[in-house]
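Okay, so here's the structure we're looking at.
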Amino acid sequence: MRRPGGGLGRRAGPGRLGVVGGLRGPAKTDDELRIAAAMGALIHVESVLELRRLALLGTPVRVALRVNRAGGGLPGTHQMAGVATPFGIDETELPAAVALAATLPTVRLVGFHLHAVSNNLDSAAHAAFVDGAVRWSVATAARLGVPLSYVNVGGGFGVDYVGNRVFELPLRARPAPAGVQLVFELGRYLAAGAGWYAAEVLDLKRVHGRWFAVLRGGTHHFRLPAAWGYSHPFTVLPVSSWAYPFPRPTVEGVEVDAAGELCTPRDVLTRGQRVDRLRVGDVLVFGAAGAYGWDISHHEFLRHPHPQTLVL
């Protein structure tokens, strides 16, 4: 079963922890802004130019400024804040952005968006980040005259794809002040474990001393391992049937690379996983594939068929 991840959830009341959906991303089109404003969405604004484009719509809209703070980073696989990235407004440019927002009659600034990292497994560090983000937001809002009612600390709750580390909950962070909505985006953490990717072994071959299980599938279905450069563990699902009149290719007690059907040597999901027994026709099942699997894959590479999707 493949199940995509997402960033939408329920809206919490003022002063409570919650999960919320908002229009976000550093490259919003005019149509996206127009539709979001018409629907009454809260928009996470990434730049001064985006503020100006919103004002031209003439539609009242609530916004939170996404800020790339100088010290706002966290450990994780992908750093989005505290370093030079295209995400958010540089902290040094924030006063000018707040001043501009105050001159735009249809724009109501309600707070800040401070998403900083992807896939962090250190819950203690994450709690400290949330504490710091809330303190920074309260102090910055008071200094710049922002009527603070919204702080989005983003996602980043991690999933350990190759080991047994667990992001510990509850997250022991202090609550937001009364009247301030503290928002998390938990797409990966909620969705990853709800999906599996299964692919049939079409061939077993030994090349230059390495065993390869060649799959009917690959990174055009499940790109995350190749994109992040790690080996995603699999489980062998034995299939008893064998339709051919010749012996069934089988390996026992060896390490295999699970490679896909694309014409690129980077189409690899796993390298060097030991198997007790693996046969052509068996199925490899990759767990924790419910987030950032199919959704980020290059589906049309060589026009191979899309995978069958089963929802349980």
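Residue names in the structure tokens use chain letters A, B, ... in the order shown, residue numbers from 1 in each chain, and ligand numbers from 1 in the order shown.
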
Which residues of range 130-234 of chain A sit at most 12 Å from range 101-125 of chain A, using only C-alpha atoms? Give each one's shortest atom pair and distance in Å (one decimal place), in chain and ascending residue order, as a Markdown table.
```
| residue | atom | partner | partner_atom | distance |
| --- | --- | --- | --- | --- |
| A:Val130 | CA | A:Ala125 | CA | 8.7 |
| A:Asp131 | CA | A:Ala125 | CA | 9.9 |
| A:Gly132 | CA | A:Ala125 | CA | 10.5 |
| A:Ala133 | CA | A:Leu114 | CA | 7.1 |
| A:Val134 | CA | A:Leu114 | CA | 9.6 |
| A:Arg135 | CA | A:Phe112 | CA | 11.9 |
| A:Trp136 | CA | A:Phe112 | CA | 9.9 |
| A:Ser137 | CA | A:Phe112 | CA | 6.9 |
| A:Val138 | CA | A:Gly111 | CA | 9.3 |
| A:Ala139 | CA | A:Gly111 | CA | 11.7 |
| A:Thr140 | CA | A:Phe112 | CA | 9.6 |
| A:Ala141 | CA | A:Gly111 | CA | 7.6 |
| A:Ala142 | CA | A:Gly111 | CA | 11.1 |
| A:Leu144 | CA | A:Ala102 | CA | 10.4 |
| A:Gly145 | CA | A:Ala102 | CA | 9.4 |
| A:Val146 | CA | A:Leu109 | CA | 7.0 |
| A:Pro147 | CA | A:Val110 | CA | 6.1 |
| A:Leu148 | CA | A:Gly111 | CA | 5.1 |
| A:Ser149 | CA | A:Val110 | CA | 5.5 |
| A:Tyr150 | CA | A:Gly111 | CA | 4.7 |
| A:Val151 | CA | A:Phe112 | CA | 5.2 |
| A:Asn152 | CA | A:His113 | CA | 4.6 |
| A:Val153 | CA | A:Leu114 | CA | 4.9 |
| A:Gly154 | CA | A:His115 | CA | 4.0 |
| A:Gly155 | CA | A:His115 | CA | 6.4 |
| A:Gly156 | CA | A:Ser118 | CA | 4.3 |
| A:Phe157 | CA | A:Asn120 | CA | 5.5 |
| A:Gly158 | CA | A:Asn119 | CA | 3.8 |
| A:Val159 | CA | A:Asn119 | CA | 6.3 |
| A:Asp160 | CA | A:Leu121 | CA | 7.3 |
| A:Tyr161 | CA | A:Asn119 | CA | 10.2 |
| A:Gly163 | CA | A:Leu121 | CA | 11.2 |
| A:Asn164 | CA | A:Leu121 | CA | 10.7 |
| A:Arg165 | CA | A:Leu121 | CA | 7.2 |
| A:Val166 | CA | A:Leu121 | CA | 6.8 |
| A:Phe167 | CA | A:Leu121 | CA | 5.1 |
| A:Glu168 | CA | A:Ser123 | CA | 5.7 |
| A:Leu169 | CA | A:Ser123 | CA | 7.6 |
| A:Pro170 | CA | A:Ser123 | CA | 8.9 |
| A:Leu171 | CA | A:Ser123 | CA | 6.6 |
| A:Arg172 | CA | A:Ala124 | CA | 7.5 |
| A:Ala173 | CA | A:Ala124 | CA | 8.8 |
| A:Gly179 | CA | A:Val110 | CA | 11.3 |
| A:Val180 | CA | A:Gly111 | CA | 8.9 |
| A:Gln181 | CA | A:Gly111 | CA | 9.4 |
| A:Leu182 | CA | A:His113 | CA | 10.1 |
| A:Val183 | CA | A:His113 | CA | 9.1 |
| A:Phe184 | CA | A:His115 | CA | 8.9 |
| A:Glu185 | CA | A:His115 | CA | 8.7 |
| A:Leu186 | CA | A:Asn119 | CA | 10.3 |
| A:Gly187 | CA | A:Asn119 | CA | 10.6 |
| A:Arg188 | CA | A:Asn119 | CA | 8.0 |
| A:Tyr189 | CA | A:Asn119 | CA | 8.5 |
| A:Ala192 | CA | A:Asn119 | CA | 11.2 |
| A:Trp228 | CA | A:Asn119 | CA | 11.2 |
```

Export of prior selection with C-alpha atoms as a compact mmCIF listing (two decimals), in the first residue's frame:
```txt
# COMPACT_ATOMS: atom_id res chain seq x y z
CA VAL A 130 9.98 25.46 19.99
CA ASP A 131 10.68 27.30 23.27
CA GLY A 132 13.11 29.59 21.49
CA ALA A 133 10.75 30.18 18.58
CA VAL A 134 7.91 31.20 20.90
CA ARG A 135 10.15 33.52 22.93
CA TRP A 136 11.56 35.06 19.75
CA SER A 137 8.09 35.56 18.29
CA VAL A 138 6.74 37.26 21.42
CA ALA A 139 9.77 39.56 21.72
CA THR A 140 9.89 40.38 17.99
CA ALA A 141 6.16 41.08 17.82
CA ALA A 142 6.43 43.47 20.77
CA LEU A 144 7.91 45.62 15.79
CA GLY A 145 4.33 46.25 16.83
CA VAL A 146 2.82 43.02 15.47
CA PRO A 147 -0.47 41.90 17.13
CA LEU A 148 0.71 38.34 17.66
CA SER A 149 -1.91 35.57 17.53
CA TYR A 150 -0.16 32.88 15.44
CA VAL A 151 3.22 31.13 15.61
CA ASN A 152 3.92 28.26 13.19
CA VAL A 153 6.98 26.25 14.19
CA GLY A 154 6.67 23.96 11.17
CA GLY A 155 7.30 20.27 11.07
CA GLY A 156 10.47 18.25 11.36
CA PHE A 157 9.33 15.48 13.73
CA GLY A 158 11.59 12.73 12.44
CA VAL A 159 11.23 9.15 11.26
CA ASP A 160 14.25 6.82 11.52
CA TYR A 161 14.17 4.90 8.24
CA GLY A 163 17.33 2.20 12.64
CA ASN A 164 15.24 2.13 15.78
CA ARG A 165 15.40 5.73 17.00
CA VAL A 166 12.01 7.20 17.90
CA PHE A 167 11.07 10.86 18.12
CA GLU A 168 9.76 10.97 21.68
CA LEU A 169 6.38 12.46 22.50
CA PRO A 170 5.01 14.35 24.32
CA LEU A 171 7.25 17.20 23.21
CA ARG A 172 8.15 18.93 26.45
CA ALA A 173 7.94 22.52 25.29
CA GLY A 179 -4.34 34.11 22.72
CA VAL A 180 -1.49 32.80 20.57
CA GLN A 181 -2.08 29.73 18.41
CA LEU A 182 1.00 27.48 18.29
CA VAL A 183 0.95 25.36 15.12
CA PHE A 184 2.89 22.26 14.05
CA GLU A 185 3.01 20.64 10.60
CA LEU A 186 3.31 16.89 11.14
CA GLY A 187 2.93 15.36 7.69
CA ARG A 188 5.86 12.92 7.74
CA TYR A 189 5.45 11.91 11.36
CA ALA A 192 5.23 7.68 6.99
CA TRP A 228 18.43 11.31 0.47
```

Looking only at the backbone, which of the residues in range 12-258 of chain A does DSSP tag as strand (DSSP E or B), as number ranges by chain?
A: 17-19, 23, 43-45, 61-68, 78-79, 89-90, 107-113, 117-118, 120, 150-152, 157, 181-184, 197-207, 210-215, 234-237, 250-258

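Using only C-alpha atoms, the residues found no farther than 8 Å from Pro26 in chain A, other than those of its own chain fewer than 2 positions away, are Arg24, Lys28, Glu46, Pro86, Phe87 and Gly88 of chain A.
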
Take the residues that were just selected and, keeping N, CA and C atoms, output them as a PDB file, in the first residue's frame.
```pdb
ATOM      1  N   ARG A  24       1.679  27.735   1.706  1.00  0.00           N
ATOM      2  CA  ARG A  24       3.082  27.967   2.001  1.00  0.00           C
ATOM      3  C   ARG A  24       3.929  27.530   0.820  1.00  0.00           C
ATOM      4  N   LYS A  28       4.910  30.780  -4.884  1.00  0.00           N
ATOM      5  CA  LYS A  28       3.461  30.757  -5.110  1.00  0.00           C
ATOM      6  C   LYS A  28       3.117  31.542  -6.373  1.00  0.00           C
ATOM      7  N   GLU A  46       6.533  34.594   1.974  1.00  0.00           N
ATOM      8  CA  GLU A  46       7.957  34.283   1.900  1.00  0.00           C
ATOM      9  C   GLU A  46       8.839  35.473   1.535  1.00  0.00           C
ATOM     10  N   PRO A  86      16.457  29.348   0.047  1.00  0.00           N
ATOM     11  CA  PRO A  86      15.464  30.242  -0.544  1.00  0.00           C
ATOM     12  C   PRO A  86      14.202  30.380   0.297  1.00  0.00           C
ATOM     13  N   PHE A  87      14.205  29.848   1.513  1.00  0.00           N
ATOM     14  CA  PHE A  87      12.998  29.828   2.329  1.00  0.00           C
ATOM     15  C   PHE A  87      12.967  31.009   3.289  1.00  0.00           C
ATOM     16  N   GLY A  88      11.886  31.761   3.250  1.00  0.00           N
ATOM     17  CA  GLY A  88      11.653  32.797   4.227  1.00  0.00           C
ATOM     18  C   GLY A  88      12.350  34.110   3.946  1.00  0.00           C
TER      19      GLY A  88
END
```

Using only C-alpha atoms, find each residue in range 98-212 of chain A having at least one atom no more than 6 Å away from range 270-280 of chain A; report its shortest atom-to-atom pair and that distance in Å (one decimal), rows by chain then rising number, as JSON lines.
```
{"residue": "A:Val201", "atom": "CA", "partner": "A:Val280", "partner_atom": "CA", "distance": 5.2}
{"residue": "A:Leu202", "atom": "CA", "partner": "A:Val280", "partner_atom": "CA", "distance": 5.6}
{"residue": "A:Asp203", "atom": "CA", "partner": "A:Val280", "partner_atom": "CA", "distance": 5.6}
```

Test item, alpha helix (DSSP H) assignment across range 117-261 of chain A, answer as a PDB file with C-alpha atoms, in the first residue's frame:
```
ATOM      1  CA  SER A 123      13.010  15.575  20.541  1.00  0.00           C
ATOM      2  CA  ALA A 124      14.845  17.429  23.331  1.00  0.00           C
ATOM      3  CA  ALA A 125      16.494  19.706  20.771  1.00  0.00           C
ATOM      4  CA  HIS A 126      13.124  20.169  19.102  1.00  0.00           C
ATOM      5  CA  ALA A 127      11.499  21.198  22.374  1.00  0.00           C
ATOM      6  CA  ALA A 128      14.272  23.746  22.914  1.00  0.00           C
ATOM      7  CA  PHE A 129      13.714  25.026  19.368  1.00  0.00           C
ATOM      8  CA  VAL A 130       9.983  25.460  19.992  1.00  0.00           C
ATOM      9  CA  ASP A 131      10.682  27.303  23.266  1.00  0.00           C
ATOM     10  CA  GLY A 132      13.113  29.589  21.486  1.00  0.00           C
ATOM     11  CA  ALA A 133      10.749  30.177  18.577  1.00  0.00           C
ATOM     12  CA  VAL A 134       7.914  31.202  20.899  1.00  0.00           C
ATOM     13  CA  ARG A 135      10.150  33.524  22.928  1.00  0.00           C
ATOM     14  CA  TRP A 136      11.561  35.057  19.753  1.00  0.00           C
ATOM     15  CA  SER A 137       8.089  35.561  18.290  1.00  0.00           C
ATOM     16  CA  VAL A 138       6.741  37.264  21.418  1.00  0.00           C
ATOM     17  CA  ALA A 139       9.771  39.565  21.718  1.00  0.00           C
ATOM     18  CA  THR A 140       9.890  40.378  17.995  1.00  0.00           C
ATOM     19  CA  ALA A 141       6.161  41.081  17.819  1.00  0.00           C
ATOM     20  CA  ALA A 142       6.433  43.467  20.774  1.00  0.00           C
ATOM     21  CA  ARG A 143       9.460  45.220  19.247  1.00  0.00           C
ATOM     22  CA  LEU A 144       7.914  45.625  15.786  1.00  0.00           C
ATOM     23  CA  GLY A 187       2.927  15.363   7.685  1.00  0.00           C
ATOM     24  CA  ARG A 188       5.861  12.920   7.743  1.00  0.00           C
ATOM     25  CA  TYR A 189       5.448  11.911  11.363  1.00  0.00           C
ATOM     26  CA  LEU A 190       1.770  11.086  10.874  1.00  0.00           C
ATOM     27  CA  ALA A 191       1.922   9.525   7.418  1.00  0.00           C
ATOM     28  CA  LEU A 224      13.112   9.025  -1.134  1.00  0.00           C
ATOM     29  CA  PRO A 225      16.091   6.639  -0.600  1.00  0.00           C
ATOM     30  CA  ALA A 226      17.877   7.849  -3.733  1.00  0.00           C
ATOM     31  CA  ALA A 227      17.064  11.497  -3.053  1.00  0.00           C
ATOM     32  CA  TRP A 228      18.434  11.310   0.469  1.00  0.00           C
TER      33      TRP A 228
END
```
